[in-house]
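Student: Just one file: structure31.txt, with compact mmCIF, C-alpha atoms.
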```
# COMPACT_ATOMS: atom_id res chain seq x y z
CA MET A 87 0.00 0.00 0.00
CA MET A 88 2.84 2.40 0.86
CA LYS A 89 4.40 1.69 -2.53
CA LYS A 90 1.16 2.67 -4.26
CA VAL A 91 0.98 5.91 -2.28
CA TRP A 92 4.49 6.84 -3.43
CA VAL A 93 3.64 6.01 -7.04
CA TYR A 94 0.58 8.26 -6.91
CA ALA A 95 2.55 11.02 -5.20
CA LEU A 96 5.29 10.90 -7.84
CA PHE A 97 2.71 10.92 -10.63
CA TRP A 98 0.92 14.02 -9.34
CA ALA A 99 4.24 15.76 -8.61
CA ALA A 100 5.30 15.18 -12.20
CA MET A 101 1.98 16.54 -13.45
CA ALA A 102 2.33 19.62 -11.27
CA LEU A 103 5.81 20.30 -12.65
CA CYS A 104 4.47 19.99 -16.17
CA GLN A 105 1.79 22.59 -15.42
CA MET A 106 4.11 25.13 -13.78
CA PRO A 107 4.53 28.42 -15.67
CA LEU A 108 8.06 28.92 -17.00
CA ALA A 109 9.94 31.86 -15.57
CA SER A 110 11.68 34.54 -17.60
CA GLY A 111 15.07 33.28 -18.71
CA ASP A 112 13.93 29.70 -19.24
CA THR A 113 14.21 27.95 -22.59
CA ILE A 114 11.25 27.45 -24.90
CA ARG A 115 11.60 24.25 -26.90
CA LEU A 116 10.02 24.35 -30.37
CA VAL A 117 9.78 21.50 -32.86
CA ALA A 118 8.67 20.80 -36.44
CA ASP A 119 9.51 18.69 -39.45
CA PRO A 120 11.64 20.33 -42.20
CA TRP A 121 9.42 22.89 -43.96
CA CYS A 122 11.74 25.49 -45.41
CA PRO A 123 11.39 28.50 -45.70
CA TYR A 124 8.97 28.43 -42.72
CA ASN A 125 11.46 26.39 -40.66
CA CYS A 126 14.72 25.08 -42.09
CA GLU A 127 17.78 23.23 -40.84
CA PRO A 128 18.59 23.86 -37.13
CA GLY A 129 21.98 25.43 -36.51
CA THR A 130 22.28 27.06 -39.94
CA GLU A 131 22.36 30.75 -40.84
CA ARG A 132 18.89 30.56 -42.38
CA VAL A 133 16.80 28.58 -39.89
CA GLY A 134 13.45 29.68 -41.35
CA PHE A 135 11.40 32.83 -41.00
CA MET A 136 9.02 31.40 -38.36
CA VAL A 137 11.98 30.37 -36.20
CA GLU A 138 13.48 33.85 -36.58
CA ILE A 139 10.15 35.44 -35.60
CA ALA A 140 10.00 33.25 -32.49
CA ARG A 141 13.56 34.08 -31.47
CA ARG A 142 13.12 37.82 -31.82
CA VAL A 143 9.86 37.85 -29.88
CA PHE A 144 10.84 35.50 -27.05
CA GLN A 145 14.40 36.72 -26.59
CA ALA A 146 13.04 40.25 -26.18
CA ALA A 147 10.89 38.84 -23.34
CA GLY A 148 13.89 37.19 -21.64
CA HIS A 149 13.49 33.64 -23.00
CA GLN A 150 15.79 31.49 -25.08
CA VAL A 151 14.48 29.39 -27.96
CA GLU A 152 15.60 25.89 -28.90
CA TYR A 153 14.53 24.53 -32.27
CA HIS A 154 14.40 20.80 -33.03
CA GLN A 155 13.22 18.63 -35.91
CA ARG A 156 11.03 15.54 -35.82
CA PRO A 157 8.62 13.88 -38.29
CA TRP A 158 5.41 15.91 -38.17
CA VAL A 159 3.12 13.36 -36.52
CA ARG A 160 5.75 12.72 -33.84
CA ALA A 161 6.33 16.47 -33.35
CA LEU A 162 2.63 16.99 -32.66
CA GLN A 163 2.39 14.09 -30.24
CA GLU A 164 5.56 14.91 -28.29
CA THR A 165 4.44 18.52 -27.93
CA ARG A 166 0.99 17.39 -26.80
CA ASP A 167 2.72 15.19 -24.22
CA GLY A 168 4.82 18.09 -22.90
CA GLU A 169 8.25 17.18 -24.31
CA PHE A 170 8.24 20.42 -26.32
CA HIS A 171 6.52 23.71 -25.63
CA GLY A 172 5.32 24.39 -29.17
CA VAL A 173 5.17 23.24 -32.77
CA ILE A 174 6.07 25.41 -35.75
CA GLY A 175 3.76 25.60 -38.75
CA ALA A 176 0.53 24.17 -37.34
CA THR A 177 -3.01 24.92 -38.48
CA ARG A 178 -6.00 24.95 -36.17
CA LEU A 179 -7.30 21.85 -37.94
CA GLU A 180 -4.12 19.86 -37.27
CA ALA A 181 -3.89 20.65 -33.56
CA PRO A 182 -7.32 21.78 -32.31
CA ASP A 183 -6.37 21.15 -28.66
CA PHE A 184 -3.25 23.37 -28.80
CA ILE A 185 -3.02 27.02 -27.68
CA PHE A 186 -2.79 29.40 -30.65
CA PRO A 187 -1.75 33.06 -30.90
CA ASP A 188 -4.39 35.44 -32.22
CA LEU A 189 -2.14 36.44 -35.13
CA ALA A 190 -0.62 33.94 -37.57
CA GLN A 191 3.11 33.61 -38.22
CA GLY A 192 2.64 32.60 -41.86
CA GLN A 193 0.17 31.69 -44.57
CA MET A 194 0.41 28.61 -46.75
CA ALA A 195 -0.89 27.96 -50.25
CA ASN A 196 -1.13 24.23 -50.84
CA ALA A 197 -0.82 23.26 -54.50
CA PHE A 198 -0.73 20.19 -56.72
CA TRP A 199 2.61 19.45 -58.41
CA THR A 200 3.37 17.24 -61.38
CA LEU A 201 6.22 16.53 -63.79
CA ALA A 202 6.77 19.47 -66.14
CA GLU A 203 5.59 17.50 -69.17
CA SER A 204 2.36 16.26 -67.57
CA PRO A 205 -0.86 17.61 -69.17
CA TRP A 206 -2.86 17.09 -65.95
CA GLN A 207 -4.41 20.09 -64.18
CA TYR A 208 -6.58 20.29 -61.09
CA HIS A 209 -10.01 21.84 -61.71
CA GLU A 210 -12.28 20.17 -59.13
CA ALA A 211 -12.30 17.09 -56.91
CA SER A 212 -13.24 14.85 -59.83
CA SER A 213 -9.94 15.85 -61.51
CA LEU A 214 -8.15 13.58 -59.06
CA GLU A 215 -10.03 10.45 -60.16
CA GLY A 216 -7.47 7.78 -61.09
CA GLN A 217 -4.47 9.97 -60.19
CA HIS A 218 -1.92 8.54 -57.76
CA LEU A 219 -1.52 11.32 -55.21
CA ALA A 220 1.04 11.75 -52.40
CA VAL A 221 0.41 13.78 -49.25
CA ILE A 222 2.50 14.26 -46.11
CA ALA A 223 1.22 12.31 -43.10
CA GLY A 224 -0.38 14.47 -40.43
CA TYR A 225 -0.71 17.60 -42.59
CA SER A 226 -4.08 19.30 -43.02
CA TYR A 227 -5.05 20.06 -46.63
CA GLY A 228 -8.66 21.12 -46.18
CA ASP A 229 -11.98 19.36 -46.60
CA THR A 230 -11.55 18.21 -50.21
CA ILE A 231 -8.43 16.17 -49.49
CA GLU A 232 -9.53 15.10 -46.01
CA ASN A 233 -12.72 13.63 -47.48
CA MET A 234 -10.68 11.67 -50.00
CA LEU A 235 -8.43 10.32 -47.26
CA GLN A 236 -11.51 9.01 -45.45
CA ASP A 237 -13.05 7.49 -48.59
CA GLU A 238 -12.05 3.86 -49.21
CA GLN A 239 -12.70 4.29 -52.93
CA HIS A 240 -9.93 6.90 -53.18
CA ARG A 241 -7.68 5.66 -50.37
CA SER A 242 -5.81 3.15 -52.58
CA TYR A 243 -4.68 6.02 -54.85
CA ILE A 244 -3.18 8.06 -52.01
CA THR A 245 0.30 7.62 -50.53
CA GLU A 246 1.09 9.20 -47.15
CA LEU A 247 4.71 10.28 -46.85
CA HIS A 248 6.42 9.84 -43.47
CA GLY A 249 9.85 10.56 -42.00
CA VAL A 250 12.00 13.68 -41.71
CA SER A 251 12.37 14.26 -45.50
CA PRO A 252 8.89 13.62 -46.90
CA LEU A 253 9.10 16.27 -49.63
CA ARG A 254 12.38 14.94 -50.97
CA ASN A 255 10.94 11.43 -50.98
CA GLY A 256 7.79 12.65 -52.72
CA LEU A 257 9.77 14.36 -55.49
CA MET A 258 11.76 11.17 -56.07
CA MET A 259 8.52 9.18 -56.35
CA LEU A 260 7.09 11.74 -58.76
CA GLU A 261 10.23 11.69 -60.92
CA ARG A 262 10.23 7.87 -61.03
CA GLY A 263 6.54 7.65 -61.94
CA ARG A 264 5.43 5.99 -58.70
CA ILE A 265 2.93 8.83 -58.19
CA GLN A 266 1.44 11.36 -60.63
CA VAL A 267 0.59 14.24 -58.28
CA LEU A 268 2.27 15.60 -55.14
CA LEU A 269 0.68 17.98 -52.66
CA GLU A 270 2.87 20.67 -51.08
CA ASP A 271 2.83 24.31 -50.05
CA GLU A 272 3.95 26.62 -52.85
CA HIS A 273 6.59 28.48 -50.79
CA VAL A 274 8.09 25.20 -49.61
CA MET A 275 8.13 23.58 -53.04
CA ARG A 276 9.63 26.55 -54.87
CA TYR A 277 12.29 26.94 -52.18
CA GLN A 278 13.20 23.25 -52.47
CA LEU A 279 13.27 23.30 -56.28
CA ARG A 280 15.48 26.40 -56.37
CA ARG A 281 17.96 24.90 -53.90
CA SER A 282 18.11 21.57 -55.73
CA GLY A 283 18.25 23.05 -59.23
CA GLN A 284 15.09 21.16 -60.27
CA SER A 285 12.77 24.04 -61.13
CA ASP A 286 12.51 22.88 -64.75
CA LYS A 287 11.49 19.31 -63.82
CA PHE A 288 8.23 20.03 -62.01
CA LYS A 289 5.30 22.43 -62.33
CA ARG A 290 2.35 23.64 -60.30
CA ALA A 291 -0.88 22.13 -61.61
CA GLY A 292 -3.46 24.03 -59.58
CA TYR A 293 -4.21 24.96 -55.98
CA VAL A 294 -6.00 23.03 -53.28
CA PRO A 295 -9.44 24.58 -52.62
CA ALA A 296 -8.85 27.14 -49.87
CA GLU A 297 -10.49 26.91 -46.49
CA ALA A 298 -9.70 30.08 -44.56
CA ASN A 299 -8.97 28.28 -41.29
CA ALA A 300 -6.46 25.97 -42.99
CA ALA A 301 -4.49 28.69 -44.80
CA ARG A 302 -2.97 30.45 -41.77
CA VAL A 303 -0.09 28.73 -39.96
CA TYR A 304 1.07 29.31 -36.40
CA ILE A 305 3.52 28.46 -33.71
CA ALA A 306 1.04 26.57 -31.52
CA PHE A 307 1.68 25.73 -27.88
CA SER A 308 1.25 22.54 -25.90
CA PRO A 309 -1.90 22.06 -23.79
CA ALA A 310 0.37 20.42 -21.20
CA PHE A 311 1.80 23.72 -19.89
CA ALA A 312 0.05 26.43 -17.88
CA ALA A 313 2.45 28.95 -19.47
CA SER A 314 1.18 28.26 -23.01
CA PRO A 315 -1.53 31.00 -23.09
CA GLY A 316 1.11 33.50 -21.98
CA TYR A 317 3.46 32.41 -24.73
CA ALA A 318 0.66 32.74 -27.26
CA ARG A 319 -0.05 36.30 -26.08
CA LEU A 320 3.65 37.19 -26.24
CA LEU A 321 3.77 35.97 -29.81
CA THR A 322 0.61 37.84 -30.80
CA ASP A 323 1.93 41.11 -29.38
CA GLY A 324 5.45 40.46 -30.66
CA ILE A 325 4.55 39.84 -34.29
CA ALA A 326 2.36 42.94 -34.26
CA ARG A 327 5.39 44.95 -33.13
CA LEU A 328 7.66 43.34 -35.74
CA ARG A 329 5.13 44.19 -38.44
CA ALA A 330 4.76 47.81 -37.28
CA SER A 331 8.53 48.35 -37.06
CA GLY A 332 9.29 46.85 -40.47
CA GLU A 333 11.35 44.00 -38.96
CA LEU A 334 8.88 41.36 -40.14
CA ALA A 335 9.20 42.50 -43.75
CA GLN A 336 13.01 42.31 -43.44
CA ILE A 337 12.88 38.77 -42.05
CA LEU A 338 10.49 37.60 -44.77
CA ALA A 339 12.50 39.23 -47.57
CA ASP A 340 15.51 37.07 -46.70
CA TYR A 341 13.40 34.03 -47.65
CA GLY A 342 11.63 35.50 -50.68
CA VAL A 343 8.29 35.71 -48.86
CA SER A 344 5.82 38.61 -48.62
CA ASP A 345 3.63 39.57 -45.68
CA TRP A 346 0.35 37.63 -45.82
CA ARG A 347 -1.72 40.32 -44.08
```
Kindly present the structure from the file in structure tokens form.
Tutor:
Amino acid sequence: MMKKVWVYALFWAAMALCQMPLASGDTIRLVADPWCPYNCEPGTERVGFMVEIARRVFQAAGHQVEYHQRPWVRALQETRDGEFHGVIGATRLEAPDFIFPDLAQGQMANAFWTLAESPWQYHEASSLEGQHLAVIAGYSYGDTIENMLQDEQHRSYITELHGVSPLRNGLMMLERGRIQVLLEDEHVMRYQLRRSGQSDKFKRAGYVPAEANAARVYIAFSPAFAASPGYARLLTDGIARLRASGELAQILADYGVSDWR
């Protein structure tokens, strides 16, 4: 019986520590999968504009920021469990239980990509009939794609890409004819194609139908920490200041991105 009491005591102590607000000067641990230019390789000069936004805002408030990479599904789960304080590049659909700032830190434009010589173009959902499509596991693409993922009739034509380099793997599959269409954000794809010298091999073949709540992306904070609402408020106020001062435009320009406001 005494052993059980100690087990319960340790459990609730651990939960209490998890819920404690973090003091100024502590380190905020952020995580995401590679999604350049939103978030790029940790430890490099260009770590991604959302990482730079986070660092400027939180360092001004006395915090340090650590940035890590994980596969997206794992990043969401480990943040939900309290191993990280926030994820970079989340939509409200992907993480409805997380704490979000009022202002977004980016805006995505998901598009369909094919080989340059392909005649296929997206016009409506029926355009995807018979097309082998690849999507990244755990990403939210809006109702049209989500409905297809849930439909057994279409499920056999959809490949979900996992791991820490899903875009690179998807481009290889597209080039080798294992898929016909790849879904990816336009900023991310164009950045990748420029860096790899492959801009002439692939083309955009239409945009995913836009749902307003899926277009904005955020640094979203774990529900496991009592400090998360405070971090969200800091980020809301901080990005407003960066926008007003012109610093946000300078950060975005380094990555070839314009303000989404």
Student: Can you write out as a Markdown table which residues of stretch 162-202 of chain A fall within 10 Å of stretch 137-141 of chain A, alongside each residue's closest atom pair and its distance in Å to one decimal, counting all atoms listed in the file and ordering rows by chain and ascending residue number?
Tutor:
```
| residue | atom | partner | partner_atom | distance |
| --- | --- | --- | --- | --- |
| A:Ile174 | CA | A:Val137 | CA | 7.7 |
| A:Gly175 | CA | A:Val137 | CA | 9.8 |
| A:Gln191 | CA | A:Ile139 | CA | 7.7 |
```
Student: Can you work out the spacing between atom CA of A:Met259 and atom CA of A:Ala161 in Å, to one decimal?
Tutor: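 We find that atom CA of A:Met259 and atom CA of A:Ala161 lie 24.2 Å from each other.
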Student: When distances are computed from only C-alpha atoms, which of A:Leu189, A:Val159, A:Leu257, A:Leu334 shows the smallest separation from A:Ser226?
Tutor: A:Val159
Student: Could you check the closest approach to A:Asp167 for each of A:Pro309, A:Gly332, A:Pro205, A:Pro315 and tell me which residue wins, using all atoms listed in the file?
Tutor: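 Smallest distance to A:Asp167 is found for A:Pro309.
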Student: Compile the contact shell of A:Arg319 as number ranges by chain: residues with an atom at most 10 Å away, counting only C-alpha atoms, same-chain residues fewer than 6 positions apart removed.
Tutor: A: 185-189
Student: For A:Tyr225, work out the shell of residues within 10 Å, counting only C-alpha atoms and skipping chain neighbours fewer than 3 positions away, then give it as number ranges by chain.
Tutor: A: 158-159, 175-177, 179-180, 221-222, 228, 232, 246, 270
Student: As lines of an AutoDock Vina configuration file, please report the centre and edge lengths, rounded to one decimal in Å, of the axis-aligned box that holds all listed atoms of stretch 142-156 of chain A with 6 Å of padding on each of the six sides.
Tutor:
```
center_x = 12.8
center_y = 27.9
center_z = -28.8
size_x = 17.9
size_y = 36.7
size_z = 26.3
```
Student: Would you list the residues near (18.4, 36.6, -36.4), meaning any protein, DNA or RNA residue with an atom at most 12 Å from that point in file coordinates, counting all atoms listed in the file, as a ChimeraX atom specification?
Tutor: /A:129-143,145,151,333-334,336-338,340
Student: Between atom CA of A:Pro182 and atom CA of A:Leu268, what is the spacing in Å?
Tutor: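 One can read the atom CA of A:Leu268 to atom CA of A:Pro182 distance as 25.5 Å.
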